[in-house]
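Enquirer: I'd like to ask some things about the structure below.
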Amino acid sequence: MKLISMRKWWYILSLVIIIPGTLSLAVWRLKPSIDFTGGTQIEFSGTQDQAKLDTIAKTDKLENYTITKANGSLIFRTKTVDLVKQNKLKADVESQISGAKQTRVDTVGPSISKELTRNSILMTVAACLVIIAYIAIMFRKIPKPANSWEFGTAAIIALLHDALVVLGVFSLLGHFFNVEVDPLFITAILTIIGFSVHDTIVIFDRIRENLVRGSYPDFETTVTVSVYEMLPRTINTSFLVWVILLVLYFFGGESTKYFVLALLIGILSGTYSSILNASPLLVSWEEFKAKRKKH
Amino acid sequence: MHVAKNGDLINYSSNINIKQGLDLQGGSHLVYTVDMSGVAEKERSDALASLQKVIENRVNAFGVSEPVIYTAKNGGEYRLTVELAGVKDTQAAMDLIGKTAKLDFRELDAAGTNFQKTDLTGSDLTKASVAFDQSTNAPYVAIEFNAAGATLFDTLTARNVGKPLGIYLDDQLISYPNVSQEITGGKAQITGKYTYTEARNLAIQLDAGRLPMPINIAEQRTVEATLGQDSIHKSIVAAIIGILIVSLFMIFYYRVLGVFSTIGLGLYLLFTIALFKLFGITLTMGGVAGLILSIGMSMETDVLVFERIREEMRNGRTFAYASSLGFTRAWTSIRDSNAVSLIICGLLIWAGGTVRGFAIVLALGIVVGLVTTFLGTRALINLIARRKFAEDTRLFNVAKEKEVSK
């Protein structure tokens, strides 16, 4: 029966997990994919000679480009270049670096990338607002001392926790392994938000039920009993989703690997935060309110 | 006795195949912005439809099976997206698609065997539309020329009475109506034994050649096939492994209820695949992820109900009573959690783009999952609820006399 009374330790653990990622986010941010930045990205396979490609690009009078290594090939990225220059670069690279071959060219225009970035931000903000409103409305009949906005806020804090964990991990991955954030990643974040709220709501729903019944002496006991009652289901369902995601991670396509990884991390964090952050936060909040009344 | 022929079998299996999205097959994804500055405001949406038709013709000429072409208006910008499955050479595809449509009228040469170019072109055309004959009601295509075009058309028809005129779009013959008489005034009718659709198609093609709509590439990408034929098999195997592990876990943990839930899962998969076919949903990698996630979510509904049933049994209720309580009491949390997921899916579908497929499949899966649990699994439970043997709590992995910790 210690899960809730140990809450200070859970808060500290959460901070320990979140801080490195948040620092990384603040300093290095995320590496947006070409979908968000716009521009042209050319892949040359069969070479790892970064310096040579750099020299060729310079003689071809290309500017503001980056060259990165990615499993067995080089990725050349720049703002949108016209076809003439593109073809010149292709011909020069393929003739001057033996074994090099242009395997793909992707171009995303500025109007499309701007729209995608705007939509992604809008979607995430809208999702959070909808969740707070939904919880506030569904929990409006909750008995005193709790009130529905506290539940909504606690759910959002848990959700931000999960989003921060995943964003932090991908900021670190981006800095050290050139992992980029693409539209699928936004989908993953939204799914994680959904899952996190899913888990939190199920526990909150039980707290509401037990509060209505009023069979426990105080708020902390009610929350503790509710969390324990929901523990098997929370762990079982997360476990089931995890199993399926793990299978997808190992057998699924290469292009969704990071998508699945984001989900794996997010769902783990979501289960943790709904049991050990969201519910204890409700107790801490009541404690805080009670203390203020005394003074 | 009826023996199925080999052919029947093949048809049967091809009916189960779900359309694969570009990211599963690999290919080219091209997005164009359409420059509508030369087209009058009220004509633009029709013009976009004409353009789509023209591009479709060009792509078909390129020999791509089932190209996907769609148009959209985003803000003030008109866009045309072309997806070519299996085409890796984006450059060649772009060269073909990127041209501005060219319409011209041709007459037979002296020998009467080949069409040769004349001065009359699409830019002389001011209108092309479908109309109906007053007496016979047969559809025909009405065309109108500007002043210069009318003069050219007059001389052209005068020299070719009784002979066909070739109408070419992108150097391809699209129609060759016979000239019945000299036509003055620049208004003509192209009649033939057209159905309405045929007449409309011709009018659309003529329109496309009439309107100046240059297109510019806005996005170009080669999509790597994420699932080759080989890994499709691998993924199916992976899905089966995943489902097996989940089912075994459910049966191990919830015993009889787990068996019901596994049957429910089977129904769920059948329904979902049927709906995919019914709505003609194209499966993308995002869709596969959505499908797998929705399996997890539908199992979650089962777990919520089963946990509730076990809890009620631990509190001393019979299985019959506990199972009906389980469904009603678990409902509020199931409703609230799924409502939030569906709202998020709604946002993703509304936002469109690459995440749309994922959201549609996930939303569909959530709804189907709720239906199979609350109708299918529930019916199975009701089937045994009042039987004598259902009083044995071991069947549901419920320890007797276990006190709820307080």
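In the structure tokens, chains take letters A, B, ... by order of appearance, with residues numbered from 1 within each chain and ligands from 1 in the order shown.
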Tell me the residues of chain B close to chain A, meaning within 8 Å using only C-alpha atoms, as number ranges by chain.

Expert: B: 217-222, 226-227, 231, 234-235, 238-239, 241-243, 245-246, 285-286, 292-293, 296-297, 299-300, 303-304, 307, 332-334, 336-338, 340-341, 343-344, 347-348, 351, 354-355, 405-406

Enquirer: Would you compute the distance between CA of Leu129 (chain A) and CA of Ile189 (chain A)? Give it in Å to one decimal.

Expert: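 Separation between CA of Leu129 (chain A) and CA of Ile189 (chain A): 15.2 Å.
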
Enquirer: Pick out the residues sitting within 7 Å of region 121-123 of chain B, and hand them over as a list of chain:residue names; count only C-alpha atoms, and ignore anything fewer than 3 positions along from it in its own chain.

Expert: B:Lys102, B:Leu103, B:Asp104, B:Phe105, B:Gly209, B:Arg210

Enquirer: Counting only C-alpha atoms, what is within 10 Å of Lys117 (chain B), bar same-chain residues fewer than 4 positions away, as a PDB file with N, CA and C atoms, in the first residue's frame?

Expert:
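Result written to around07.pdb:
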```pdb
ATOM      1  N   ASP B 104      -5.178  20.712 -80.331  1.00  0.00           N
ATOM      2  CA  ASP B 104      -5.242  21.303 -81.666  1.00  0.00           C
ATOM      3  C   ASP B 104      -6.128  20.492 -82.595  1.00  0.00           C
ATOM      4  N   PHE B 105      -6.570  21.177 -83.653  1.00  0.00           N
ATOM      5  CA  PHE B 105      -7.471  20.564 -84.630  1.00  0.00           C
ATOM      6  C   PHE B 105      -6.672  20.259 -85.894  1.00  0.00           C
ATOM      7  N   ARG B 106      -6.878  19.069 -86.460  1.00  0.00           N
ATOM      8  CA  ARG B 106      -6.114  18.689 -87.651  1.00  0.00           C
ATOM      9  C   ARG B 106      -7.048  18.224 -88.769  1.00  0.00           C
ATOM     10  N   GLU B 107      -6.527  18.365 -90.010  1.00  0.00           N
ATOM     11  CA  GLU B 107      -7.325  17.908 -91.159  1.00  0.00           C
ATOM     12  C   GLU B 107      -6.561  16.825 -91.896  1.00  0.00           C
ATOM     13  N   LEU B 108      -7.275  16.065 -92.714  1.00  0.00           N
ATOM     14  CA  LEU B 108      -6.626  14.990 -93.471  1.00  0.00           C
ATOM     15  C   LEU B 108      -5.728  15.577 -94.548  1.00  0.00           C
ATOM     16  N   ASP B 109      -4.596  14.876 -94.808  1.00  0.00           N
ATOM     17  CA  ASP B 109      -3.712  15.343 -95.873  1.00  0.00           C
ATOM     18  C   ASP B 109      -4.300  14.965 -97.243  1.00  0.00           C
ATOM     19  N   THR B 121      -6.047  26.011 -82.712  1.00  0.00           N
ATOM     20  CA  THR B 121      -5.597  25.314 -81.496  1.00  0.00           C
ATOM     21  C   THR B 121      -6.554  25.565 -80.332  1.00  0.00           C
ATOM     22  N   GLY B 166      -9.620  15.917 -87.140  1.00  0.00           N
ATOM     23  CA  GLY B 166      -9.000  15.264 -85.978  1.00  0.00           C
ATOM     24  C   GLY B 166      -8.843  16.257 -84.840  1.00  0.00           C
ATOM     25  N   ILE B 167      -9.255  15.861 -83.640  1.00  0.00           N
ATOM     26  CA  ILE B 167      -9.005  16.704 -82.462  1.00  0.00           C
ATOM     27  C   ILE B 167      -7.940  16.012 -81.624  1.00  0.00           C
ATOM     28  N   TYR B 168      -6.823  16.688 -81.412  1.00  0.00           N
ATOM     29  CA  TYR B 168      -5.681  16.084 -80.724  1.00  0.00           C
ATOM     30  C   TYR B 168      -5.418  16.762 -79.397  1.00  0.00           C
TER      31      TYR B 168
END
```

Enquirer: If we count only C-alpha atoms, what is near Arg29 (chain A) at a cut-off of 10 Å, once residues fewer than 6 positions away on the same chain are taken out, given as a PyMOL selection string?

Expert: chain A and resi 21-23+167-168+170-172+174-175

Enquirer: Taking only region 6-177 of chain B into account, list the residues labelled strand (DSSP E) by DSSP (computed from the backbone), as a PyMOL selection string.

Expert: chain B and resi 27-34+68-74+77-85+103-108+115-121+125-132+139-145+165-169+172-175

Enquirer: Would you work out the distance separating CA of Leu211 (chain A) from CA of Pro143 (chain A), expressed in Å to one decimal?

Expert: 6.6 Å

Enquirer: To one decimal place, how far is CA of Thr157 (chain B) from CA of Glu182 (chain B) in Å?

Expert: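 Spanning CA of Thr157 (chain B) to CA of Glu182 (chain B) is a straight-line distance of 4.9 Å.
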
Enquirer: Write out as a PyMOL selection string each polymer residue whose atoms come within 9 Å of region 96-101 of chain A, counting only C-alpha atoms; drop sequence neighbours fewer than 6 positions from it.

Expert: chain A and resi 43-49+52-53+56+73+90

Enquirer: Write the residues of the selection above to a file with C-alpha atoms, as a PDB file, in the first residue's frame.

Expert:
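Heads up, here's the output in again-v8.pdb:
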```
ATOM      1  CA  GLU A  43      20.593  10.153 -51.418  1.00  0.00           C
ATOM      2  CA  PHE A  44      23.815   8.721 -52.838  1.00  0.00           C
ATOM      3  CA  SER A  45      24.328   5.087 -51.998  1.00  0.00           C
ATOM      4  CA  GLY A  46      27.536   3.086 -52.234  1.00  0.00           C
ATOM      5  CA  THR A  47      29.762   5.788 -50.766  1.00  0.00           C
ATOM      6  CA  GLN A  48      30.763   7.156 -47.365  1.00  0.00           C
ATOM      7  CA  ASP A  49      33.156   9.779 -48.697  1.00  0.00           C
ATOM      8  CA  LYS A  52      34.648  14.239 -51.642  1.00  0.00           C
ATOM      9  CA  LEU A  53      30.927  14.941 -51.967  1.00  0.00           C
ATOM     10  CA  ILE A  56      32.000  18.267 -55.678  1.00  0.00           C
ATOM     11  CA  SER A  73      24.864   6.053 -48.052  1.00  0.00           C
ATOM     12  CA  LYS A  90      24.274  13.572 -59.986  1.00  0.00           C
TER      13      LYS A  90
END
```

Enquirer: At a cut-off of 9 Å, using only C-alpha atoms, what residues contact region 151-153 of chain A? Leave out same-chain residues fewer than 2 positions from it and give the result as a PyMOL selection string.

Expert: chain A and resi 131-136+139+146-149+155-158+204+278-279+282

Enquirer: For the selection just defined, write its residues with C-alpha atoms to a file, as a CSV table (one decimal), in the first residue's frame.

Expert:
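Okay, result_14.csv is ready:
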```
chain,number,residue,atom,x,y,z
A,131,ILE,CA,-9.0,16.4,-23.4
A,132,ILE,CA,-9.1,19.0,-20.6
A,133,ALA,CA,-12.6,20.0,-21.6
A,134,TYR,CA,-13.8,16.4,-21.9
A,135,ILE,CA,-12.5,15.5,-18.4
A,136,ALA,CA,-13.8,18.6,-16.8
A,139,PHE,CA,-16.1,14.6,-14.0
A,146,ALA,CA,-12.2,17.1,-5.3
A,147,ASN,CA,-13.2,19.1,-8.3
A,148,SER,CA,-13.2,18.2,-11.9
A,149,TRP,CA,-10.6,20.8,-13.0
A,155,ALA,CA,-4.4,14.3,-16.5
A,156,ILE,CA,-2.7,17.0,-18.6
A,157,ILE,CA,0.4,17.1,-16.4
A,158,ALA,CA,0.7,13.3,-16.8
A,204,PHE,CA,-9.8,8.5,-12.3
A,278,ALA,CA,-1.6,11.7,-12.1
A,279,SER,CA,-3.2,10.0,-9.1
A,282,LEU,CA,-4.6,14.6,-6.9
```

Enquirer: Return the single residue from B:Ala47, B:Leu370, B:Ala390, B:Tyr78 that is closest to Val305 (chain B), with distances computed using only C-alpha atoms.

Expert: B:Leu370

Enquirer: Running DSSP on the backbone, which parts of region 4-167 of chain B land in helix (DSSP H, G or I), as a ChimeraX atom specification?

Expert: /B:6-16,22-25,41-61,90-97,122-124,147-159

Enquirer: Could you tell me which of B:Phe115, B:Tyr268, B:Phe276, B:Phe374 comes closest to Leu165 (chain B) if we count only C-alpha atoms?

Expert: B:Phe115
